[in-house]
$ cat work21.txt   # compact mmCIF, C-alpha atoms and all ligand atoms
# COMPACT_ATOMS: atom_id res chain seq x y z
CA MET A 1 13.38 -71.23 -15.95
CA GLY A 2 11.25 -72.79 -18.70
CA LEU A 3 10.85 -71.17 -22.11
CA TYR A 4 7.25 -70.17 -21.49
CA GLU A 5 8.13 -68.52 -18.19
CA LYS A 6 10.98 -66.68 -19.88
CA ILE A 7 8.73 -65.43 -22.69
CA GLN A 8 6.14 -64.36 -20.14
CA GLU A 9 8.77 -62.44 -18.16
CA ASP A 10 10.25 -60.74 -21.25
CA ALA A 11 6.76 -59.83 -22.51
CA ASP A 12 5.98 -58.36 -19.10
CA MET A 13 9.12 -56.19 -19.32
CA VAL A 14 7.91 -54.72 -22.61
CA GLY A 15 4.52 -54.08 -21.08
CA ILE A 16 2.53 -57.00 -22.45
CA ASP A 17 0.57 -59.31 -20.21
CA LEU A 18 1.10 -62.76 -21.74
CA PRO A 19 0.22 -65.56 -19.29
CA THR A 20 1.98 -68.89 -19.93
CA GLU A 21 -1.43 -70.59 -20.43
CA GLU A 22 -2.36 -68.22 -23.23
CA LEU A 23 1.01 -68.57 -24.90
CA ALA A 24 1.03 -72.38 -24.59
CA ALA A 25 -2.51 -72.57 -26.04
CA LEU A 26 -1.40 -70.43 -28.98
CA MET A 27 1.63 -72.62 -29.60
CA GLN A 28 -0.47 -75.77 -29.37
CA GLU A 29 -3.04 -74.36 -31.78
CA ASN A 30 -0.23 -73.78 -34.29
CA ASN A 31 1.40 -77.13 -33.56
CA ALA A 32 4.62 -75.24 -32.76
CA SER A 33 7.87 -77.21 -32.53
CA GLU A 34 10.56 -76.69 -29.90
CA GLU A 35 12.54 -74.63 -32.48
CA THR A 36 9.58 -72.34 -33.08
CA ILE A 37 9.12 -71.70 -29.38
CA VAL A 38 12.86 -71.00 -29.04
CA ALA A 39 12.58 -68.51 -31.94
CA VAL A 40 9.61 -66.79 -30.28
CA ALA A 41 11.62 -66.60 -27.05
CA LYS A 42 14.49 -64.95 -28.94
CA VAL A 43 12.17 -62.33 -30.42
CA PHE A 44 10.84 -61.43 -26.97
CA GLU A 45 14.36 -61.32 -25.55
CA HIS A 46 15.28 -58.92 -28.34
CA LEU A 47 12.25 -56.72 -27.68
CA ARG A 48 13.10 -56.63 -23.98
CA LYS A 49 16.64 -55.49 -24.77
CA LYS A 50 15.36 -52.81 -27.15
CA LYS A 51 12.98 -51.56 -24.50
CA TRP A 52 15.77 -51.46 -21.91
CA ASP A 53 18.09 -49.57 -24.27
CA ALA A 54 15.33 -47.06 -25.04
CA THR A 55 14.71 -46.54 -21.31
CA VAL A 56 18.42 -45.98 -20.57
CA SER A 57 18.74 -43.58 -23.46
CA MET A 58 15.64 -41.65 -22.30
CA TYR A 59 17.02 -41.46 -18.73
CA LEU A 60 20.35 -40.16 -20.07
CA LYS A 61 18.62 -37.57 -22.25
CA THR A 62 16.42 -36.23 -19.47
CA SER A 63 19.21 -36.29 -16.86
CA ARG A 64 20.96 -33.13 -18.12
CA LEU A 65 24.22 -35.09 -17.92
CA PRO A 66 26.50 -34.49 -20.93
CA LEU A 67 25.67 -37.02 -23.67
CA LYS A 68 28.84 -36.27 -25.61
CA ASN A 69 32.01 -37.54 -23.92
CA PRO A 70 30.19 -38.58 -20.76
CA LYS A 71 32.17 -38.74 -17.53
CA THR A 72 32.19 -42.31 -16.27
CA PHE A 73 33.98 -44.39 -13.64
CA ASP A 74 35.77 -46.12 -16.50
CA ASN A 75 37.30 -42.91 -17.83
CA PHE A 76 38.23 -41.67 -14.35
CA ASP A 77 41.87 -42.35 -13.53
CA PHE A 78 41.85 -43.66 -9.98
CA ASN A 79 45.64 -44.00 -10.11
CA GLN A 80 45.72 -40.23 -9.72
CA LEU A 81 44.37 -40.69 -6.23
CA HIS A 82 46.18 -42.13 -3.26
CA GLY A 83 44.97 -42.87 0.21
CA LYS A 84 43.21 -45.60 2.06
CA ASP A 85 39.80 -44.51 0.93
CA VAL A 86 40.32 -44.60 -2.83
CA ASP A 87 38.49 -47.93 -2.79
CA VAL A 88 35.45 -46.15 -1.35
CA LEU A 89 35.38 -44.02 -4.50
CA LYS A 90 35.95 -46.98 -6.81
CA ASN A 91 33.15 -48.93 -5.18
CA LEU A 92 30.65 -46.13 -5.83
CA LYS A 93 30.14 -47.81 -9.20
CA THR A 94 28.15 -50.48 -7.37
CA LEU A 95 25.60 -47.76 -6.46
CA SER A 96 25.39 -49.15 -2.91
CA PRO A 97 24.65 -45.66 -1.50
CA LEU A 98 21.66 -45.42 -3.84
CA TYR A 99 20.16 -48.56 -2.33
CA SER A 100 21.10 -47.67 1.25
CA HIS A 101 19.61 -44.17 0.80
CA ASN A 102 22.89 -42.45 1.57
CA ASN A 103 23.74 -39.05 0.20
CA ILE A 104 27.24 -38.36 -1.05
CA ALA A 105 29.32 -35.17 -0.98
CA PHE A 106 32.51 -34.74 -2.97
CA ILE A 107 34.48 -31.97 -1.32
CA GLY A 108 37.74 -30.46 -2.47
CA PRO A 109 39.48 -27.71 -4.42
CA PRO A 110 38.70 -26.99 -8.11
CA GLY A 111 39.83 -29.37 -10.83
CA ILE A 112 40.31 -32.57 -8.84
CA GLY A 113 37.44 -34.53 -10.33
CA LYS A 114 34.44 -33.83 -8.08
CA THR A 115 32.07 -33.08 -10.95
CA HIS A 116 33.51 -36.00 -12.91
CA LEU A 117 32.75 -38.45 -10.07
CA ALA A 118 29.27 -36.99 -9.52
CA GLN A 119 28.45 -37.28 -13.21
CA ALA A 120 29.92 -40.78 -13.36
CA TYR A 121 27.57 -41.79 -10.56
CA GLY A 122 24.59 -40.28 -12.38
CA THR A 123 25.55 -41.93 -15.65
CA GLU A 124 25.90 -45.28 -13.91
CA CYS A 125 22.44 -44.83 -12.38
CA CYS A 126 20.90 -44.30 -15.83
CA HIS A 127 22.68 -47.36 -17.22
CA ARG A 128 21.26 -49.44 -14.41
CA GLY A 129 17.74 -48.22 -14.98
CA HIS A 130 17.45 -45.39 -12.44
CA LYS A 131 16.53 -41.82 -13.25
CA ALA A 132 19.13 -39.15 -12.60
CA TYR A 133 19.00 -35.35 -12.71
CA PHE A 134 22.01 -33.05 -12.78
CA LEU A 135 22.11 -29.33 -12.12
CA THR A 136 24.42 -26.80 -10.54
CA PHE A 137 23.51 -25.02 -7.33
CA THR A 138 23.10 -21.77 -9.30
CA GLU A 139 20.82 -23.49 -11.84
CA LEU A 140 18.84 -24.96 -8.97
CA ASN A 141 18.45 -21.52 -7.41
CA GLN A 142 17.35 -20.03 -10.76
CA LYS A 143 14.98 -22.93 -11.38
CA LEU A 144 13.26 -22.34 -8.04
CA THR A 145 13.01 -18.59 -8.65
CA ASP A 146 11.56 -19.19 -12.15
CA ALA A 147 9.12 -21.76 -10.78
CA ARG A 148 7.87 -19.30 -8.14
CA ARG A 149 7.35 -16.59 -10.74
CA ALA A 150 5.51 -18.93 -13.09
CA ASP A 151 3.47 -20.43 -10.24
CA ARG A 152 4.85 -23.88 -11.00
CA VAL A 153 6.62 -24.72 -7.77
CA GLY A 154 4.80 -28.07 -7.49
CA SER A 155 6.05 -29.46 -10.76
CA ALA A 156 9.58 -28.14 -10.15
CA VAL A 157 9.61 -29.91 -6.79
CA ASN A 158 8.24 -33.14 -8.29
CA GLY A 159 10.92 -33.05 -10.98
CA MET A 160 13.57 -33.08 -8.28
CA VAL A 161 11.89 -35.61 -6.00
CA LYS A 162 11.23 -38.23 -8.66
CA PRO A 163 14.75 -39.10 -9.95
CA ALA A 164 16.50 -41.71 -7.82
CA CYS A 165 19.71 -39.73 -8.16
CA LEU A 166 19.69 -35.94 -7.79
CA ILE A 167 23.05 -34.28 -8.40
CA ILE A 168 23.70 -30.74 -7.18
CA ASP A 169 27.04 -29.50 -8.41
CA GLU A 170 29.05 -26.72 -6.79
CA VAL A 171 27.13 -25.97 -3.63
CA GLY A 172 28.14 -22.48 -2.56
CA GLN A 173 28.17 -20.74 -5.93
CA CYS A 174 25.44 -18.45 -4.63
CA VAL A 175 23.19 -17.90 -1.62
CA MET A 176 19.55 -19.00 -1.76
CA ASP A 177 16.94 -16.61 -0.49
CA ARG A 178 14.43 -17.58 2.18
CA ASP A 179 11.69 -18.84 -0.19
CA ASN A 180 14.05 -20.89 -2.32
CA THR A 181 15.66 -22.34 0.79
CA ARG A 182 12.25 -23.50 2.03
CA ILE A 183 11.38 -25.10 -1.31
CA PHE A 184 14.77 -26.79 -1.48
CA PHE A 185 14.34 -28.33 1.96
CA ASP A 186 10.85 -29.43 0.97
CA VAL A 187 12.55 -31.37 -1.85
CA VAL A 188 15.06 -32.81 0.64
CA ASN A 189 12.35 -33.87 3.10
CA ARG A 190 10.16 -35.41 0.44
CA ARG A 191 13.10 -37.35 -0.95
CA TYR A 192 13.94 -38.48 2.59
CA ASN A 193 10.45 -39.92 3.07
CA LYS A 194 10.26 -41.49 -0.37
CA GLU A 195 10.35 -45.26 -0.97
CA GLY A 196 12.87 -46.89 -3.27
CA PRO A 197 16.52 -46.27 -4.06
CA GLY A 198 17.70 -42.68 -3.74
CA SER A 199 20.74 -40.45 -3.16
CA ILE A 200 21.49 -36.78 -3.44
CA ILE A 201 25.02 -36.15 -4.69
CA PHE A 202 26.68 -32.83 -3.88
CA THR A 203 29.96 -31.33 -4.90
CA SER A 204 31.52 -28.32 -3.23
CA ASN A 205 34.76 -26.54 -2.41
CA VAL A 206 33.34 -26.01 1.05
CA GLN A 207 32.87 -28.56 3.85
CA PRO A 208 29.17 -29.35 4.60
CA GLU A 209 29.46 -27.90 8.14
CA GLN A 210 29.75 -24.48 6.54
CA TRP A 211 26.86 -24.79 4.10
CA SER A 212 24.35 -23.01 6.30
CA GLY A 213 25.80 -19.75 4.91
CA PHE A 214 24.44 -20.64 1.44
CA PHE A 215 20.85 -20.83 2.69
CA SER A 216 18.65 -18.24 4.33
CA ASP A 217 16.45 -19.54 7.03
CA ASP A 218 15.69 -20.47 10.52
CA HIS A 219 16.86 -23.19 12.79
CA SER A 220 14.39 -25.87 11.67
CA LEU A 221 15.67 -25.78 8.12
CA LEU A 222 19.22 -25.99 9.27
CA CYS A 223 18.20 -29.21 11.06
CA SER A 224 17.21 -30.49 7.63
CA LEU A 225 20.72 -29.66 6.50
CA ASP A 226 22.07 -31.83 9.32
CA ARG A 227 19.65 -34.55 8.28
CA LEU A 228 21.10 -34.45 4.77
CA PHE A 229 24.38 -35.62 6.23
CA ASP A 230 23.00 -37.97 8.90
CA THR A 231 24.19 -40.99 7.03
CA ALA A 232 26.04 -39.38 4.18
CA LEU A 233 29.32 -40.35 2.66
CA VAL A 234 31.53 -37.28 2.71
CA CYS A 235 34.53 -37.75 0.42
CA THR A 236 37.14 -35.07 0.97
CA ILE A 237 39.50 -35.10 -1.98
CA LYS A 238 42.78 -33.32 -1.41
CA GLY A 239 45.31 -32.35 -4.01
CA LYS A 240 46.05 -30.24 -7.02
CA SER A 241 43.98 -29.59 -10.10
CA TYR A 242 43.89 -32.28 -12.77
CA ARG A 243 42.98 -29.73 -15.45
CA GLY A 244 45.72 -29.38 -18.03
CA LYS A 245 48.19 -31.25 -15.84
CA GLY A 246 50.04 -34.51 -16.18
CA ARG A 247 50.16 -37.05 -13.39
CA LEU A 248 49.44 -35.73 -9.96
CA THR A 249 49.38 -37.22 -6.55
CA LEU A 250 46.14 -36.67 -4.74
CA ALA A 251 45.21 -37.70 -1.28
CA VAL A 252 41.71 -38.92 -0.71
CA GLU A 253 39.96 -39.09 2.56
CA ALA A 254 36.47 -40.39 2.98
CA ALA A 255 34.71 -39.53 6.19
CA GLY A 256 31.18 -39.48 7.47
CA LYS A 257 28.70 -42.09 8.65
P1 LIG B 301 36.09 -30.34 -10.12
O1 LIG B 301 34.63 -30.56 -10.27
O2 LIG B 301 36.67 -30.98 -8.89
O3 LIG B 301 36.46 -28.88 -10.21
P2 LIG B 301 36.25 -31.77 -12.61
O4 LIG B 301 35.56 -33.02 -12.22
O5 LIG B 301 35.49 -30.80 -13.43
O6 LIG B 301 36.85 -31.03 -11.32
O7 LIG B 301 37.62 -32.14 -13.33
C1 LIG B 301 38.27 -31.25 -14.22
C2 LIG B 301 38.62 -32.01 -15.51
O8 LIG B 301 39.61 -32.97 -15.21
C3 LIG B 301 37.44 -32.75 -16.08
O9 LIG B 301 37.53 -32.76 -17.48
C4 LIG B 301 37.62 -34.17 -15.53
O10 LIG B 301 37.07 -35.14 -16.42
C5 LIG B 301 39.14 -34.28 -15.47
N1 LIG B 301 39.58 -35.11 -14.33
C6 LIG B 301 39.75 -34.76 -13.05
N2 LIG B 301 40.23 -35.77 -12.31
C7 LIG B 301 40.36 -36.81 -13.15
C8 LIG B 301 40.83 -38.18 -13.01
N3 LIG B 301 41.26 -38.64 -11.83
N4 LIG B 301 40.78 -38.98 -14.10
C9 LIG B 301 40.38 -38.50 -15.30
N5 LIG B 301 39.95 -37.23 -15.51
C10 LIG B 301 39.94 -36.39 -14.45
MG MG B 302 33.16 -29.14 -10.61

$ encode --input "work21.txt" --output "structure tokens"
Amino acid sequence: MGLYEKIQEDADMVGIDLPTEELAALMQENNASEETIVAVAKVFEHLRKKKWDATVSMYLKTSRLPLKNPKTFDNFDFNQLHGKDVDVLKNLKTLSPLYSHNNIAFIGPPGIGKTHLAQAYGTECCHRGHKAYFLTFTELNQKLTDARRADRVGSAVNGMVKPACLIIDEVGQCVMDRDNTRIFFDVVNRRYNKEGPGSIIFTSNVQPEQWSGFFSDDHSLLCSLDRLFDTALVCTIKGKSYRGKGRLTLAVEAAGK
């Protein structure tokens, strides 16, 4: 790529329309040397990087993921896990499911790293320029109840449809009432029909087949629940708690598709 094209592209990334003709005319007017044009290119490259860093930092801040000591794939010890599907978990860092519109569920007993993996996925999304939003199932339930009371269901729904990566931690902490269930499945359906990369990440102690007990509604909504797992990656992590323990042997099984 030529220097002018590069400057044009970097300017575009910081939101400035700078056609190569305009830039070349400006350089010519100022009798700019090759070195000058290289210096201008460096400034635009720097601005582009600053803009990118600001975007990532804004995505992290609005994601509700912990900013202090974030959980990442790099600080997850995959050696703790054994089984043929550990590579499936390692490869989540590529965010392939985000691009293939697959949802992910991390299922297993407390303390084995489900929330860690879910947050690592969300953090990775932000670093690669995708919005993420993290909340627990109980927080989600409360958010929907509050939104109904304040007559702001629309904006609550939009806030959960927009991020490429929506993380719902600990499905099964509570049972959603009929109205909240309907709103939640509206979110699911709108995300399903949305263009662009997208995944919903769930964690739970309970297998997805038993999740209907956490929602209150009729058959059609339970079909939406099936749809959630149409093409999902269900990672069943077996083993003992990592919390406060030394090395443990965990068995990982990934199923689904
Ligand atoms: P869960 O959500 O399955 O109950 P967490 O993800 O909250 O478990 O894990 C409990 C704690 O142990 C967290 O601080 C997490 O970072 C840590 N942890 C769990 N598994 C691992 C692992 N394989 N490597 C590094 N830290 C881990
Ligand atoms: Mg957890």

$ closest_residue --input "work21.txt" --among "A:Arg64, A:Lys71, A:Arg152, A:Arg191" --to "ligand LIG 301 (chain B)" --atoms "all atoms listed in the file"
A:Lys71

$ closest_residue --input "work21.txt" --among "A:Leu81, A:Leu3, A:Leu26, A:Ala41" --to "Ile237 in chain A" --atoms "all atoms listed in the file"
A:Leu81

$ closest_residue --input "work21.txt" --among "A:Val38, A:Val206, A:Ala32, A:Phe106" --to "Ile7 in chain A" --atoms "only C-alpha atoms"
A:Val38

$ closest_residue --input "work21.txt" --among "A:Asp74, A:Asp169, A:Asp146, A:Asp85" --to "Asn205 in chain A" --atoms "only C-alpha atoms"
A:Asp169

$ residues_near_ligand --input "work21.txt" --ligand "ligand LIG 301 (chain B)" --cutoff "6 Å" --atoms "all atoms listed in the file" --output "PyMOL selection string"
chain A and resi 75-78+80+110-116+242-243

$ residues_around --input "work21.txt" --residues "Gly129 in chain A" --least-positions-apart "2" --cutoff "9 Å" --atoms "all atoms listed in the file" --output "tab-separated table (two decimals) with C-alpha atoms, in the coordinates of the input"
chain	number	residue	atom	x	y	z
A	52	TRP	CA	15.77	-51.46	-21.91
A	55	THR	CA	14.71	-46.54	-21.31
A	56	VAL	CA	18.42	-45.98	-20.57
A	59	TYR	CA	17.02	-41.46	-18.73
A	124	GLU	CA	25.90	-45.28	-13.91
A	125	CYS	CA	22.44	-44.83	-12.38
A	126	CYS	CA	20.90	-44.30	-15.83
A	127	HIS	CA	22.68	-47.36	-17.22
A	131	LYS	CA	16.53	-41.82	-13.25
